[in-house]
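*Asks:* After the structure tokens below, expect a handful of questions from me.
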Amino acid sequence: MTALEVKGVTFSYDNSVNVLENINLTLREGELVSLLGVSGGGKTTLFNVIAGLNRPQSGKVLLNGQDVTGQTGKISYMLQKDMLLPFRTIEDNVALPLIIKGVKKKEARKTVEKYFERFGIEGTQKKYPAELSGGMRQRAALLRTYMFSGEVALLDEPFSALDTLTKSDMHRWYLDVMENIKLSTLFITHDVDEAILLSDRIYLLGNKPGTVIDEIVISEPKPRRADFNLTEEFLQYKRQIIAKIQ
Amino acid sequence: MKEKLRSITSKALPPFIALALVFILWMYACGSGSVPKFMLPSPRDVAQAFAEDWQLMLMHSRVTLTETFIGLALGIIIGFLSAVVMDRFRIVKKMLYPLIIISQTIPTVAIAPLLVLWLGYQMLPKIVLIILIVFFPISISLLEGFSSVDADTVNLMRSMGAGRVQIFRYVKIPSALGHFFSSLKISVSYAVVGAVLSEWLGGTEGLGCYMTRVRKSFDYDKMFAVIIVISVISLLLIWLTGFLQKKCMPWEKINKMRST
């Protein structure tokens with residue numbers, strides 16, 4: 001089943017230079033698909049279009065077959081900055097998407113409570129974001145994204161602000177969490193290793209204007225071996241991608 | 001416990017010593033006779049004035065405090081509303097902002113007699129003056145707080161489907177609280193001073209009226225006593241504001257602890 005479909009999206013900020021040109025991509029249910037490309041290539045703009053914050057000049061965004069072009073409140077995203085509100089406790093931050101949808105505060109807290117353990121942030125409910133480490137905050141931010149929409153998540157370089165050790169820790173954690181919850185994820189990154197490690201498929205994006213150059217399928221089954229990134233297959237993928245990007 | 005003791009000695013001790021020094025200097029100046037008694041009453045005279053007139057002062061304080069609270073409350077409400085409107089409609093901000101700034105260059109001392117002339121000798125002119133004093137810092141600081149919100153955060157909220165009102169309630173207002181309270185701390189002491197100032201110019205009740213009366217009868221010891229009362233009231237209000245801030249912003253404490 002296709003969860004999300006982007007059809008022929010073209011976008012420019014002032015009707016002059018196209019930032020995005022005829023972008024086509026699909027995201028199937030439970031899949032993790034990466035958009036890989038250099039920074040400043042319009043990836044974030046594409047996310048803003050998919051999230052409904054920017055309306056494309058032409059093209060459509062379909063969620064489960066329904067046209068949601070230019071509509072906010074359907075697909076949420078998560079950024080490199082965790083953007084947890086410093087004045088809300090973690091549980092209230094995580095519950096915010098539910099509260100915005102009109103769920104009562106008490107009920108919303110109860111709903112999110114169930115996921116804290118699964119997301120590895122048990123015990124942080126009553127803490128404020130400033131009390132948590134970068135990795136923990138990203139976990140909370142991801143849980144918030146998940147609470148918003150259990151179907152499709154857009155993650156915009158969510159781990160790129162973390163240090164290397166925390167980052168690989170987060171990759172393991174992420175793959176682990178995703179085993180349990182079937183979240184269809186569109187993932188922006190400029191880190192080739194990260195893309196190969198996490199994705200089912202990778203779209204390579206070209207620069208100026210942003211277009212899809214190629215699609216690469218990572219056929220390594222999930223859950224992936226711990227040493228997948230040290231294997232010959234991994235390197236093979238890496239070579240292939242780097243050759244195409246350049 | 002030990003830590004608390006240490007924080008008291010490191011925080012409270014230096015200003016206490018400074019205060020004690022001023023007090024000793026004051027006692028010495030009076031005791032040595034280098035300053036004539038009618039110009040500077042001794043601490044003992046002031047204490048006696050208190051003992052004599054405390055009931056009267058209490059009554060007048062009540063009036064001044066009532067004016068202060070009503071003026072503060074209305075000033076905050078008007079300041080808040082105008083900040084909200086200016087934040088929502090940029091054109092209103094462009095129109096009003098310079099006007100508000102200009103209004104602040106008119107000295108309060110100049111407006112006060114006019115207000116008495118227009119609005120009489122009752123509480124009304126006093127309250128209006130306090131509103132005029134309080135409104136400005138509250139409105140400007142809230143406006144600044146509202147616009148301090150990160151654009152990405154607003155976008156994230158929008159992507160979650162939040163409307164203007166929800167973004168306002170869940171992001172903008174809590175973000176502006178810090179700004180609000182720091183301006184409120186200034187506003188409360190200004191409000192008390194404003195109340196006293198407008199009482200000087202007319203009326204029958206209030207610490208300002210009492211002050212005018214004792215001044216006219218050359219009771220400088222009572223004059224000093226009432227000055228102390230006014231200072232204490234201001235200090236208490238500032239402390240109360242700080243207390244409220246801590247209650248309303250429990251996350252502040254943690255953020256501060258982290259940053260040090």
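Identifiers for the structure tokens are assigned positionally: chains receive A, B, ... in sequence, residues are indexed from 1 per chain, and ligands are indexed from 1 in the order shown.
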DSSP says strand (DSSP E or B) for which residues of stretch 18-223 of chain A? Put them as JSON, numbers by chain?
*Replies:* {"A": [20, 21, 22, 23, 24, 25, 26, 27, 28, 32, 33, 34, 35, 36, 58, 59, 60, 61, 62, 63, 66, 67, 76, 77, 78, 152, 153, 154, 155, 156, 184, 185, 186, 187, 188, 189, 201, 202, 203, 204, 205, 206, 210, 211, 212, 213, 214, 215, 216, 217]}
*Asks:* Within 12 Å of chain A, which residues of chain B show up? Give each one with its shortest atom-to-atom distance in Å (one decimal) and the two atoms involved, counting only C-alpha atoms, rows by chain then rising residue number, as JSON lines.
*Replies:*
{"residue": "B:Val149", "atom": "CA", "partner": "A:Leu85", "partner_atom": "CA", "distance": 10.4}
{"residue": "B:Asp150", "atom": "CA", "partner": "A:Met83", "partner_atom": "CA", "distance": 9.3}
{"residue": "B:Ala151", "atom": "CA", "partner": "A:Met83", "partner_atom": "CA", "distance": 10.8}
{"residue": "B:Asp152", "atom": "CA", "partner": "A:Met83", "partner_atom": "CA", "distance": 8.1}
{"residue": "B:Thr153", "atom": "CA", "partner": "A:Met83", "partner_atom": "CA", "distance": 6.3}
{"residue": "B:Val154", "atom": "CA", "partner": "A:Met83", "partner_atom": "CA", "distance": 10.0}
{"residue": "B:Asn155", "atom": "CA", "partner": "A:Leu53", "partner_atom": "CA", "distance": 7.3}
{"residue": "B:Leu156", "atom": "CA", "partner": "A:Tyr77", "partner_atom": "CA", "distance": 7.2}
{"residue": "B:Met157", "atom": "CA", "partner": "A:Pro97", "partner_atom": "CA", "distance": 8.3}
{"residue": "B:Arg158", "atom": "CA", "partner": "A:Thr72", "partner_atom": "CA", "distance": 6.5}
{"residue": "B:Ser159", "atom": "CA", "partner": "A:Thr72", "partner_atom": "CA", "distance": 5.0}
{"residue": "B:Met160", "atom": "CA", "partner": "A:Gly73", "partner_atom": "CA", "distance": 4.5}
{"residue": "B:Gly161", "atom": "CA", "partner": "A:Gly73", "partner_atom": "CA", "distance": 3.5}
{"residue": "B:Ala162", "atom": "CA", "partner": "A:Ile100", "partner_atom": "CA", "distance": 6.0}
{"residue": "B:Gly163", "atom": "CA", "partner": "A:Ile100", "partner_atom": "CA", "distance": 8.7}
{"residue": "B:Arg164", "atom": "CA", "partner": "A:Ile100", "partner_atom": "CA", "distance": 11.3}
{"residue": "B:Val165", "atom": "CA", "partner": "A:Ile100", "partner_atom": "CA", "distance": 10.5}
{"residue": "B:Gln166", "atom": "CA", "partner": "A:Ile100", "partner_atom": "CA", "distance": 7.1}
{"residue": "B:Ile167", "atom": "CA", "partner": "A:Ile100", "partner_atom": "CA", "distance": 9.2}
{"residue": "B:Phe168", "atom": "CA", "partner": "A:Ile100", "partner_atom": "CA", "distance": 11.9}
{"residue": "B:Arg169", "atom": "CA", "partner": "A:Ile100", "partner_atom": "CA", "distance": 10.5}
{"residue": "B:Tyr170", "atom": "CA", "partner": "A:Leu96", "partner_atom": "CA", "distance": 8.6}
{"residue": "B:Val171", "atom": "CA", "partner": "A:Leu85", "partner_atom": "CA", "distance": 7.6}
{"residue": "B:Lys172", "atom": "CA", "partner": "A:Leu85", "partner_atom": "CA", "distance": 10.6}
{"residue": "B:Ile173", "atom": "CA", "partner": "A:Phe87", "partner_atom": "CA", "distance": 10.6}
{"residue": "B:Pro174", "atom": "CA", "partner": "A:Phe87", "partner_atom": "CA", "distance": 6.9}
{"residue": "B:Ser175", "atom": "CA", "partner": "A:Phe87", "partner_atom": "CA", "distance": 7.8}
{"residue": "B:Ala176", "atom": "CA", "partner": "A:Phe87", "partner_atom": "CA", "distance": 10.9}
{"residue": "B:Leu177", "atom": "CA", "partner": "A:Phe87", "partner_atom": "CA", "distance": 10.0}
{"residue": "B:Gly178", "atom": "CA", "partner": "A:Phe87", "partner_atom": "CA", "distance": 10.7}
{"residue": "B:Cys248", "atom": "CA", "partner": "A:Phe87", "partner_atom": "CA", "distance": 10.1}
{"residue": "B:Met249", "atom": "CA", "partner": "A:Phe87", "partner_atom": "CA", "distance": 7.4}
{"residue": "B:Pro250", "atom": "CA", "partner": "A:Phe87", "partner_atom": "CA", "distance": 8.0}
{"residue": "B:Trp251", "atom": "CA", "partner": "A:Phe87", "partner_atom": "CA", "distance": 5.7}
{"residue": "B:Glu252", "atom": "CA", "partner": "A:Phe87", "partner_atom": "CA", "distance": 7.9}
{"residue": "B:Lys253", "atom": "CA", "partner": "A:Tyr128", "partner_atom": "CA", "distance": 10.4}
{"residue": "B:Ile254", "atom": "CA", "partner": "A:Ala130", "partner_atom": "CA", "distance": 7.1}
{"residue": "B:Asn255", "atom": "CA", "partner": "A:Ala130", "partner_atom": "CA", "distance": 6.0}
{"residue": "B:Lys256", "atom": "CA", "partner": "A:Ala130", "partner_atom": "CA", "distance": 9.5}
{"residue": "B:Met257", "atom": "CA", "partner": "A:Ala130", "partner_atom": "CA", "distance": 9.5}
{"residue": "B:Arg258", "atom": "CA", "partner": "A:Ala130", "partner_atom": "CA", "distance": 7.1}
{"residue": "B:Ser259", "atom": "CA", "partner": "A:Ala130", "partner_atom": "CA", "distance": 9.3}
*Asks:* Name the residues in contact with A:Phe228 at a cut-off of 12 Å, using only C-alpha atoms, excluding same-chain residues fewer than 2 positions from it; report them as a list in words.
*Replies:*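 Result of the neighbour search: Arg172, Asp193, Glu194, Ile196, Leu197, Leu198, Ile218, Ser219, Glu220, Pro221, Lys222, Pro223, Arg224, Arg225, Ala226, Leu230, Thr231, Glu232, Glu233, Phe234, Leu235, Gln236 and Tyr237 of chain A.
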*Asks:* Within 9 Å of A:Asp191, counting only C-alpha atoms, which residues show up once you throw out same-chain ones fewer than 5 positions away? Write them as a list in words, please.
*Replies:* Leu36, Gly37, Glu157, Ser160 and Ile196 of chain A
*Asks:* List the neighbours of stretch 180-195 of chain B out to 8 Å using only C-alpha atoms; skip same-chain residues closer than 4 positions along the sequence, and give me the result as a ChimeraX atom specification.
*Replies:* /B:64-65,67-68,71-72,108,126-127,129-130,133-134,137-138,141-142,145,176,199,208,230,233-235,237-238,241-242,245
*Asks:* If we count only C-alpha atoms, what is near stretch 199-207 of chain A at a cut-off of 7 Å, once residues fewer than 2 positions away on the same chain are taken out, given as a list in words?
*Replies:*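 The neighbour list is Glu31, Leu32, Val33, Ser34, Leu35, Leu36, Gly37, Gly41, Ala195, Ile196, Leu197, Pro209, Gly210, Thr211, Val212, Ile213, Asp214, Glu215, Ile216, Val217, Ile218 and Ser219 of chain A.
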*Asks:* From a DSSP calculation on the backbone, collect every residue of stretch 21-122 of chain B in alpha helix (DSSP H) and output the set as a ChimeraX atom specification.
*Replies:* /B:21-31,43-88,90-105,108-119
*Asks:* Those same residues, written as an mmCIF file, in the first residue's frame with C-alpha atoms?
*Replies:*
data_model
loop_
_atom_site.group_PDB
_atom_site.id
_atom_site.type_symbol
_atom_site.label_atom_id
_atom_site.label_comp_id
_atom_site.auth_asym_id
_atom_site.auth_seq_id
_atom_site.Cartn_x
_atom_site.Cartn_y
_atom_site.Cartn_z
ATOM 1 C CA LEU B 21 26.829 51.133 57.040
ATOM 2 C CA VAL B 22 24.345 53.662 55.694
ATOM 3 C CA PHE B 23 22.374 53.362 58.919
ATOM 4 C CA ILE B 24 25.462 53.876 61.086
ATOM 5 C CA LEU B 25 26.451 56.894 59.008
ATOM 6 C CA TRP B 26 22.957 58.306 59.474
ATOM 7 C CA MET B 27 23.087 57.788 63.258
ATOM 8 C CA TYR B 28 26.521 59.371 63.417
ATOM 9 C CA ALA B 29 25.501 62.412 61.344
ATOM 10 C CA CYS B 30 22.575 63.057 63.703
ATOM 11 C CA GLY B 31 24.394 62.224 66.901
ATOM 12 C CA PRO B 43 16.531 57.165 63.433
ATOM 13 C CA ARG B 44 15.010 57.381 66.862
ATOM 14 C CA ASP B 45 12.802 60.348 65.863
ATOM 15 C CA VAL B 46 11.618 58.431 62.827
ATOM 16 C CA ALA B 47 10.824 55.389 64.950
ATOM 17 C CA GLN B 48 8.839 57.575 67.289
ATOM 18 C CA ALA B 49 6.939 59.088 64.376
ATOM 19 C CA PHE B 50 6.015 55.557 63.352
ATOM 20 C CA ALA B 51 4.772 54.705 66.798
ATOM 21 C CA GLU B 52 2.644 57.836 66.859
ATOM 22 C CA ASP B 53 1.115 57.704 63.419
ATOM 23 C CA TRP B 54 1.114 54.070 62.346
ATOM 24 C CA GLN B 55 -2.664 53.766 62.334
ATOM 25 C CA LEU B 56 -3.000 56.804 60.142
ATOM 26 C CA MET B 57 -0.269 55.564 57.843
ATOM 27 C CA LEU B 58 -1.939 52.187 57.600
ATOM 28 C CA MET B 59 -5.181 53.805 56.544
ATOM 29 C CA HIS B 60 -3.438 55.907 53.902
ATOM 30 C CA SER B 61 -1.398 52.908 52.735
ATOM 31 C CA ARG B 62 -4.603 51.019 52.142
ATOM 32 C CA VAL B 63 -5.851 53.745 49.813
ATOM 33 C CA THR B 64 -2.550 53.971 47.944
ATOM 34 C CA LEU B 65 -2.349 50.213 47.592
ATOM 35 C CA THR B 66 -5.910 50.010 46.282
ATOM 36 C CA GLU B 67 -5.108 52.582 43.622
ATOM 37 C CA THR B 68 -1.883 50.785 42.791
ATOM 38 C CA PHE B 69 -3.535 47.395 42.376
ATOM 39 C CA ILE B 70 -6.452 48.649 40.304
ATOM 40 C CA GLY B 71 -4.100 50.713 38.140
ATOM 41 C CA LEU B 72 -1.681 47.807 37.742
ATOM 42 C CA ALA B 73 -4.421 45.354 36.828
ATOM 43 C CA LEU B 74 -5.981 47.658 34.243
ATOM 44 C CA GLY B 75 -2.548 48.666 32.915
ATOM 45 C CA ILE B 76 -1.595 45.023 32.456
ATOM 46 C CA ILE B 77 -4.874 44.198 30.735
ATOM 47 C CA ILE B 78 -4.631 47.159 28.358
ATOM 48 C CA GLY B 79 -0.915 46.502 27.764
ATOM 49 C CA PHE B 80 -1.618 42.860 27.004
ATOM 50 C CA LEU B 81 -4.485 43.596 24.637
ATOM 51 C CA SER B 82 -2.552 46.229 22.737
ATOM 52 C CA ALA B 83 0.462 43.908 22.447
ATOM 53 C CA VAL B 84 -1.778 41.136 21.101
ATOM 54 C CA VAL B 85 -3.345 43.432 18.512
ATOM 55 C CA MET B 86 0.039 44.856 17.489
ATOM 56 C CA ASP B 87 1.468 41.354 17.182
ATOM 57 C CA ARG B 88 -1.453 40.174 15.065
ATOM 58 C CA ARG B 90 1.482 44.605 11.568
ATOM 59 C CA ILE B 91 -0.197 47.758 10.307
ATOM 60 C CA VAL B 92 -1.515 48.516 13.804
ATOM 61 C CA LYS B 93 1.988 48.077 15.183
ATOM 62 C CA LYS B 94 3.364 50.478 12.589
ATOM 63 C CA MET B 95 0.700 53.022 13.462
ATOM 64 C CA LEU B 96 0.737 52.697 17.245
ATOM 65 C CA TYR B 97 4.351 51.996 18.106
ATOM 66 C CA PRO B 98 5.751 55.486 17.406
ATOM 67 C CA LEU B 99 2.734 57.020 19.102
ATOM 68 C CA ILE B 100 3.349 54.979 22.229
ATOM 69 C CA ILE B 101 7.025 55.925 22.275
ATOM 70 C CA ILE B 102 6.187 59.618 21.903
ATOM 71 C CA SER B 103 3.618 59.380 24.682
ATOM 72 C CA GLN B 104 6.372 58.152 26.959
ATOM 73 C CA THR B 105 8.478 61.246 26.435
ATOM 74 C CA THR B 108 4.467 61.973 34.265
ATOM 75 C CA VAL B 109 4.810 65.013 36.498
ATOM 76 C CA ALA B 110 3.345 67.103 33.695
ATOM 77 C CA ILE B 111 0.362 64.847 33.062
ATOM 78 C CA ALA B 112 -0.576 64.358 36.705
ATOM 79 C CA PRO B 113 -1.963 67.873 37.383
ATOM 80 C CA LEU B 114 -3.885 67.751 34.107
ATOM 81 C CA LEU B 115 -5.462 64.468 35.118
ATOM 82 C CA VAL B 116 -6.493 65.956 38.452
ATOM 83 C CA LEU B 117 -7.965 68.919 36.610
ATOM 84 C CA TRP B 118 -9.924 66.683 34.217
ATOM 85 C CA LEU B 119 -10.928 63.858 36.493
#
*Asks:* Just checking: using only C-alpha atoms, which residue out of A:Pro56, A:Gly42, A:Gly30, A:Pro158 ends up closest to A:Thr10?
*Replies:* A:Pro56
*Asks:* So what do you get for atom CA of A:Val9 versus atom CA of A:Lys60, distance-wise?
*Replies:* 6.2 Å
*Asks:* Skip A:Lys110 itself and residues of its chain fewer than 2 positions away, then list as a PyMOL selection string all residues within 12 Å of it, counting only C-alpha atoms.
*Replies:* chain A and resi 91-92+94-95+98-99+103-108+112-116+125
